Structure formats: C-alpha cells, structure tokens
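The data block below is query27.cif; it holds mmCIF, C-alpha atoms and all ligand atoms.
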data_final
loop_
_atom_site.label_atom_id
_atom_site.label_comp_id
_atom_site.auth_asym_id
_atom_site.auth_seq_id
_atom_site.Cartn_x
_atom_site.Cartn_y
_atom_site.Cartn_z
CA MET I 29 21.80 5.48 -3.67
CA ARG I 30 19.10 6.30 -1.11
CA GLN I 31 19.97 6.41 2.59
CA VAL I 32 16.46 5.55 3.74
CA PRO I 33 14.34 2.78 2.19
CA ASN I 34 11.11 3.03 0.23
CA ILE I 35 8.30 0.72 1.27
CA ILE I 36 5.03 -0.08 -0.46
CA VAL I 37 2.10 -0.91 1.82
CA THR I 38 -0.51 -2.56 -0.35
CA GLY I 39 -3.61 -4.75 -0.13
CA THR I 40 -7.33 -4.70 -0.78
CA PRO I 41 -9.17 -1.54 0.33
CA GLY I 42 -9.98 -1.84 4.04
CA VAL I 43 -7.03 -4.08 5.02
CA GLY I 44 -5.42 -1.28 7.02
CA LYS I 45 -2.92 0.38 4.66
CA THR I 46 -3.57 3.92 5.84
CA THR I 47 -3.62 3.01 9.53
CA HIS I 48 -0.38 1.01 9.23
CA SER I 49 1.33 3.68 7.10
CA GLU I 50 0.47 6.50 9.51
CA SER I 51 1.69 4.56 12.52
CA LEU I 52 4.85 3.50 10.72
CA ALA I 53 5.55 7.08 9.61
CA GLU I 54 5.23 8.27 13.18
CA ARG I 55 7.60 5.58 14.46
CA THR I 56 10.25 5.72 11.74
CA GLY I 57 10.18 9.30 10.44
CA LEU I 58 9.51 7.97 6.93
CA ARG I 59 6.92 9.89 4.91
CA HIS I 60 3.43 8.54 4.31
CA VAL I 61 2.70 8.87 0.58
CA SER I 62 -1.04 8.37 0.24
CA VAL I 63 -1.54 7.69 -3.45
CA ASN I 64 -5.31 8.15 -3.13
CA GLN I 65 -4.75 11.65 -1.81
CA ILE I 66 -2.17 12.51 -4.48
CA VAL I 67 -4.41 11.24 -7.28
CA LYS I 68 -7.13 13.58 -6.04
CA ASP I 69 -4.98 16.60 -5.09
CA LYS I 70 -2.72 16.57 -8.15
CA GLU I 71 -5.44 15.38 -10.51
CA CYS I 72 -3.54 12.30 -11.67
CA HIS I 73 -6.68 10.89 -13.21
CA GLU I 74 -8.84 10.90 -16.30
CA GLY I 75 -12.12 11.39 -14.45
CA TRP I 76 -14.40 9.41 -12.19
CA SER I 77 -15.63 5.91 -12.96
CA ASP I 78 -19.24 5.46 -11.92
CA GLU I 79 -18.91 1.76 -12.52
CA HIS I 80 -16.00 1.31 -10.11
CA GLN I 81 -16.83 4.27 -7.89
CA SER I 82 -13.22 5.43 -8.09
CA TRP I 83 -10.89 7.70 -10.07
CA ILE I 84 -9.51 6.41 -13.37
CA VAL I 85 -5.85 6.84 -12.51
CA ASP I 86 -3.38 8.32 -15.00
CA GLU I 87 -0.40 6.17 -13.95
CA ASP I 88 2.20 8.08 -16.00
CA LYS I 89 1.19 11.36 -14.45
CA LEU I 90 1.15 9.81 -10.99
CA LEU I 91 4.68 8.44 -11.42
CA ASP I 92 5.89 11.83 -12.69
CA VAL I 93 4.36 13.58 -9.70
CA ILE I 94 5.92 11.30 -7.06
CA GLU I 95 9.22 10.43 -8.78
CA GLU I 96 11.42 13.07 -7.20
CA ASP I 97 10.11 12.42 -3.71
CA VAL I 98 10.40 8.64 -3.99
CA LYS I 99 13.88 8.76 -5.53
CA ALA I 100 15.06 10.69 -2.45
CA GLY I 101 14.03 7.64 -0.34
CA GLY I 102 12.08 7.38 2.89
CA CYS I 103 8.60 6.94 1.41
CA ILE I 104 5.82 4.67 2.62
CA ILE I 105 3.73 4.32 -0.52
CA ASP I 106 0.16 3.45 0.44
CA TRP I 107 -1.96 2.10 -2.39
CA HIS I 108 -4.07 -0.84 -3.48
CA ALA I 109 -1.84 -1.49 -6.50
CA CYS I 110 1.90 -1.92 -6.72
CA ASP I 111 2.87 -3.19 -10.15
CA LEU I 112 3.17 0.27 -11.69
CA PHE I 113 6.10 1.32 -9.49
CA PRO I 114 9.56 0.72 -11.00
CA ARG I 115 11.38 -2.09 -9.21
CA SER I 116 14.43 0.11 -8.71
CA TRP I 117 12.40 2.49 -6.51
CA ILE I 118 11.30 -0.10 -3.97
CA ASP I 119 13.06 -1.91 -1.10
CA LEU I 120 10.14 -3.67 0.62
CA VAL I 121 6.58 -4.55 -0.38
CA VAL I 122 4.18 -5.22 2.51
CA VAL I 123 0.95 -6.94 1.48
CA LEU I 124 -1.64 -6.70 4.24
CA ARG I 125 -4.23 -9.46 4.51
CA VAL I 126 -7.47 -9.72 6.40
CA GLU I 127 -10.17 -12.27 7.15
CA THR I 128 -13.20 -12.00 4.89
CA SER I 129 -15.72 -11.36 7.68
CA THR I 130 -13.57 -8.58 9.13
CA LEU I 131 -13.14 -6.99 5.70
CA PHE I 132 -16.88 -7.24 5.15
CA ASP I 133 -17.50 -5.32 8.38
CA ARG I 134 -14.91 -2.65 7.58
CA LEU I 135 -16.16 -2.01 4.05
CA THR I 136 -19.80 -2.05 5.14
CA ALA I 137 -18.94 0.55 7.79
CA ARG I 138 -17.40 2.59 4.99
CA GLY I 139 -20.71 2.49 3.12
CA TYR I 140 -19.47 0.54 0.08
CA ALA I 141 -22.22 -0.35 -2.39
CA GLU I 142 -22.98 -4.05 -2.87
CA ALA I 143 -21.05 -4.50 -6.15
CA LYS I 144 -17.93 -2.74 -4.92
CA LEU I 145 -18.07 -4.61 -1.63
CA GLN I 146 -18.29 -7.97 -3.40
CA GLU I 147 -15.54 -7.07 -5.85
CA ASN I 148 -13.17 -6.25 -2.99
CA LEU I 149 -14.09 -9.33 -0.95
CA ASP I 150 -13.45 -11.50 -4.02
CA SER I 151 -10.14 -9.78 -4.61
CA GLU I 152 -9.04 -10.49 -1.02
CA ILE I 153 -10.19 -14.11 -1.14
CA MET I 154 -8.41 -14.67 -4.47
CA GLU I 155 -5.20 -13.07 -3.11
CA VAL I 156 -5.12 -10.76 -6.14
CA LEU I 157 -2.79 -8.16 -4.64
CA LEU I 158 -0.43 -10.69 -3.10
CA GLU I 159 -0.11 -12.32 -6.50
CA GLU I 160 0.41 -8.94 -8.19
CA ALA I 161 3.19 -8.06 -5.73
CA ARG I 162 4.93 -11.41 -6.18
CA GLU I 163 4.82 -11.06 -9.95
CA ALA I 164 6.01 -7.45 -10.00
CA PHE I 165 8.86 -7.66 -7.45
CA ASP I 166 11.54 -10.10 -6.30
CA GLU I 167 9.80 -12.54 -3.97
CA ASP I 168 12.33 -11.93 -1.22
CA ILE I 169 11.26 -8.30 -0.80
CA VAL I 170 7.53 -9.14 -0.62
CA ILE I 171 6.07 -9.91 2.81
CA GLU I 172 2.50 -10.86 3.67
CA LEU I 173 1.23 -9.63 7.04
CA ILE I 174 -2.09 -10.32 8.75
CA SER I 175 -4.14 -7.27 9.76
CA ASN I 176 -7.22 -8.54 11.59
CA THR I 177 -6.71 -6.93 14.99
CA SER I 178 -4.97 -4.01 16.69
CA ASP I 179 -2.49 -6.52 18.13
CA ASP I 180 -1.67 -7.68 14.60
CA MET I 181 -1.10 -4.08 13.58
CA GLU I 182 1.15 -3.38 16.55
CA CYS I 183 3.17 -6.46 15.75
CA ASN I 184 3.39 -5.56 12.04
CA VAL I 185 4.54 -2.02 12.73
CA ASP I 186 7.19 -3.32 15.20
CA ARG I 187 8.42 -5.74 12.59
CA ILE I 188 8.63 -3.18 9.78
CA GLU I 189 10.29 -0.65 12.07
CA ALA I 190 12.96 -3.24 12.93
CA TRP I 191 13.39 -3.95 9.23
CA VAL I 192 13.91 -0.22 8.52
CA LYS I 193 16.58 0.01 11.24
CA GLN I 194 18.41 -2.99 9.84
CA TRP I 195 18.15 -1.68 6.27
CA LYS I 196 19.76 1.59 7.35
CA LEU I 197 22.63 -0.27 9.02
CA ASP I 198 23.14 -2.52 6.00
CA ASN I 199 23.09 0.41 3.59
CA ALA I 200 25.05 2.94 5.63
CA PRO I 201 27.52 4.88 3.48
P1 LIG A 301 -7.06 0.92 3.84
O1 LIG A 301 -6.16 2.14 3.89
O2 LIG A 301 -6.33 -0.33 3.48
O3 LIG A 301 -8.29 1.12 3.02
P2 LIG A 301 -7.67 1.64 6.60
O4 LIG A 301 -6.32 1.84 7.22
O5 LIG A 301 -8.40 2.89 6.19
O6 LIG A 301 -7.58 0.66 5.35
O7 LIG A 301 -8.52 0.77 7.62
C1 LIG A 301 -9.91 0.55 7.42
C2 LIG A 301 -10.61 0.50 8.78
O8 LIG A 301 -10.23 -0.67 9.47
C3 LIG A 301 -10.27 1.66 9.70
O9 LIG A 301 -11.44 1.97 10.43
C4 LIG A 301 -9.24 1.10 10.64
C5 LIG A 301 -9.59 -0.36 10.70
N1 LIG A 301 -8.40 -1.24 10.78
C6 LIG A 301 -7.46 -1.39 9.84
N2 LIG A 301 -6.54 -2.29 10.20
C7 LIG A 301 -6.93 -2.74 11.42
C8 LIG A 301 -6.39 -3.72 12.33
N3 LIG A 301 -5.28 -4.42 12.06
N4 LIG A 301 -7.05 -3.91 13.50
C9 LIG A 301 -8.18 -3.22 13.79
N5 LIG A 301 -8.74 -2.30 12.96
C10 LIG A 301 -8.12 -2.07 11.80
#
Rewrite the coordinates I just gave you, this time as structure tokens.
Ligand code: DAT
Amino acid sequence: MRQVPNIIVTGTPGVGKTTHSESLAERTGLRHVSVNQIVKDKECHEGWSDEHQSWIVDEDKLLDVIEEDVKAGGCIIDWHACDLFPRSWIDLVVVLRVETSTLFDRLTARGYAEAKLQENLDSEIMEVLLEEAREAFDEDIVIELISNTSDDMECNVDRIEAWVKQWKLDNAP
C-alpha cells in the first residue's frame, strides 16, 4: 500500500499539464513524471510519426519503465492520455480544460502546424480526454479543472495540494 498518492494530470496539449505538475511537485514534494520526456529519454517509442508530428509510443515499454517508480507512490504523471495506466496505480485523475481561443493562442505560440492545431482544438471542444478519463477510471476519482488563467492555476494547485494532505491523513498506516 503506498503512503503517498499517485495523480494523473491530463488534458489536451497546451492546457497546462506541465506547468501545473511542476508547481504541484514543488508544493507537495511529489515527483513530476513527464511522460513526454520519458518517452524520448528512454526510447519508449517505435519512431516518429510525420503525420501526427509526435512519437509513436510503445505503451508496454513505457509502463515497464515507470512501473517501479509509480508503484512506490508519490508520482504526478503528466500526459495527454490516461487510459493505459492500470487503475490500481492511480488515486486521482485531474483533467485540465481550457477555452478554445486560449488554447488556440497557446498552441500557435508553440508553432503547431495547422493540422495538428486543429486536431487538438477539436479534441478539446469534443472533451475527448475528459471522456477517456471517465471511461478508464471510477468517476469519483476524476476531476475536471479549468486552466484559462494564472488565478485558475493557483486555485487548482491549492485544491490538489489540499487533496494530497487529506489523502495522506486518510491513508496513514
Ligand atoms: P501542456 O503541458 O498541457 O502541454 P503547458 O504547461 O506546457 O501545457 O502550458 C502551455 C503554455 O500555456 C505555457 O506557456 C504556460 C501556459 N499556461 C498553461 N496553463 C496556464 C494557465 N492556467 N494560465 C496561464 N497560462 C497558462
């Protein structure tokens, strides 16, 4: 039984997963597990997709690579997908959401090509990742948080930090 919870921070690229995860890690002492970085560093992929402008992720290899770390607890798993992670690993799934115009600005600033930009805007509008999270995990561990402004982020991080504190009390040995 882990002493510190594992949290997934998910959502469409550009919603603020990395920014939230870093801030939360600083506040709580939990570890930021950037799946993007791990996929690249540990080569958990089967090459680069020109069509999607992203790595073709080898999910089995990725799970093998992070398993030991995640099973120890205390991970903030930052990725735009969540349904590959075993339910038993996860205590909270945070789905970040953003207004379309704000997402447009963030992804444009990132230099996304037209097709990739549109694909991600559509995904956010259609609530694809929220739906994925609700299908993959118990609904009562999935929370949807708005991430349009710095104030939203501050509020979200406060809320998750409070949740972590309570989880530790509830699960104290
Ligand atoms: P992700 O990891 O989901 O791709 P990010 O954390 O890299 O997103 O954020 C993308 C950009 O948007 C980055 O410049 C920080 C900014 N940003 C993210 N969330 C924000 C928020 N709630 N308020 C203001 N800016 C935000």
Using all atoms listed in the file, determine which residues lie at most 9 Å from segment 183-200 of chain I, disregarding the query and same-chain residues fewer than 2 positions distant; provide the list as a ChimeraX atom specification.
/I:29-33,48-49,51-52,55-56,119,122,173-175,178-181
Surroundings of ligand LIG 301 (chain A) up to 6 Å, based on all atoms listed in the file, as a PyMOL selection string
chain I and resi 41-47+134+175-178+180-181
Neighbours of segment 59-65 of chain I within 7 Å (all atoms listed in the file; same-chain residues fewer than 4 positions away dropped), as a PyMOL selection string?
chain I and resi 49-50+53+69+102-107
I'd like the neighbourhood of Gln146 of chain I as a list of chain:residue names, where a residue qualifies if any of its atoms comes within 10 Å (using all atoms listed in the file), though same-chain residues fewer than 5 positions away should be ignored.
I:Phe132, I:Leu135, I:Tyr140, I:Ala141, I:Ser151, I:Glu152
Determine the nearest neighbour of Glu167 of chain I from the options I:Lys99, I:Lys70, I:His80, I:Arg115, counting only C-alpha atoms.
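So, comparing all the options, the nearest one is I:Arg115.
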Please determine an axis-aligned box that encloses all atoms of segment 62-74 of chain I listed in the file, with 8 Å added on each side, and express its centre and edge lengths in Å to one decimal as AutoDock Vina command-line options.
--center_x -4.9 --center_y 12.1 --center_z -8.0 --size_x 23.8 --size_y 24.9 --size_z 32.5
Closest of I:Ser77, I:Asn34, I:Thr40, I:Ser82 to Glu95 of chain I - atom-to-atom distances counting only C-alpha atoms:
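Smallest separation from Glu95 of chain I among the options: I:Asn34.
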For a quick check of understanding, using all atoms listed in the file, which of I:Leu112, I:Val98, I:Trp83, I:Ser129 has the smallest distance to Glu160 of chain I?
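Between I:Leu112, I:Val98, I:Trp83, I:Ser129, the residue approaching Glu160 of chain I most closely is I:Leu112.
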When you count all atoms listed in the file, which of these residues is closest to Asp97 of chain I: I:Trp117, I:Ala137, I:Val156, I:Gly39?
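Ranking I:Trp117, I:Ala137, I:Val156, I:Gly39 by distance to Asp97 of chain I, first place goes to I:Trp117.
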Show which residues sit within 10 Å of Val170 of chain I, as a ChimeraX atom specification. Count only C-alpha atoms, and ignore same-chain residues fewer than 4 positions away.
/I:36,119-123,158,161-166
Interatomic distance between atom CA of Arg138 of chain I and atom CA of Asp150 of chain I?
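Computed distance, atom CA of Arg138 of chain I to atom CA of Asp150 of chain I, equals 17.2 Å.
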Pick from I:Thr128, I:Val67, I:Ser116, I:His108 nearest to Val93 of chain I, counting all atoms listed in the file:
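Closest to Val93 of chain I of all the choices is I:Val67.
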Sphere at (-11.0, 9.9, -17.4), radius 9 Å, counting all atoms listed in the file: residues as a PyMOL selection string:
chain I and resi 73-77+83-86
Let's have the selection written as a PDB file, in the coordinates of the input, with C-alpha atoms.
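The result, written out as selection.pdb:
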ATOM      1  CA  HIS I  73      -6.680  10.890 -13.210  1.00  0.00           C
ATOM      2  CA  GLU I  74      -8.840  10.900 -16.300  1.00  0.00           C
ATOM      3  CA  GLY I  75     -12.120  11.390 -14.450  1.00  0.00           C
ATOM      4  CA  TRP I  76     -14.400   9.410 -12.190  1.00  0.00           C
ATOM      5  CA  SER I  77     -15.630   5.910 -12.960  1.00  0.00           C
ATOM      6  CA  TRP I  83     -10.890   7.700 -10.070  1.00  0.00           C
ATOM      7  CA  ILE I  84      -9.510   6.410 -13.370  1.00  0.00           C
ATOM      8  CA  VAL I  85      -5.850   6.840 -12.510  1.00  0.00           C
ATOM      9  CA  ASP I  86      -3.380   8.320 -15.000  1.00  0.00           C
TER      10      ASP I  86
END
Between atom CA of Ile66 of chain I and atom CA of Asp88 of chain I, what distance in Å does the model show, to one decimal?
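If I compute the distance from atom CA of Ile66 of chain I to atom CA of Asp88 of chain I, I get 13.1 Å.
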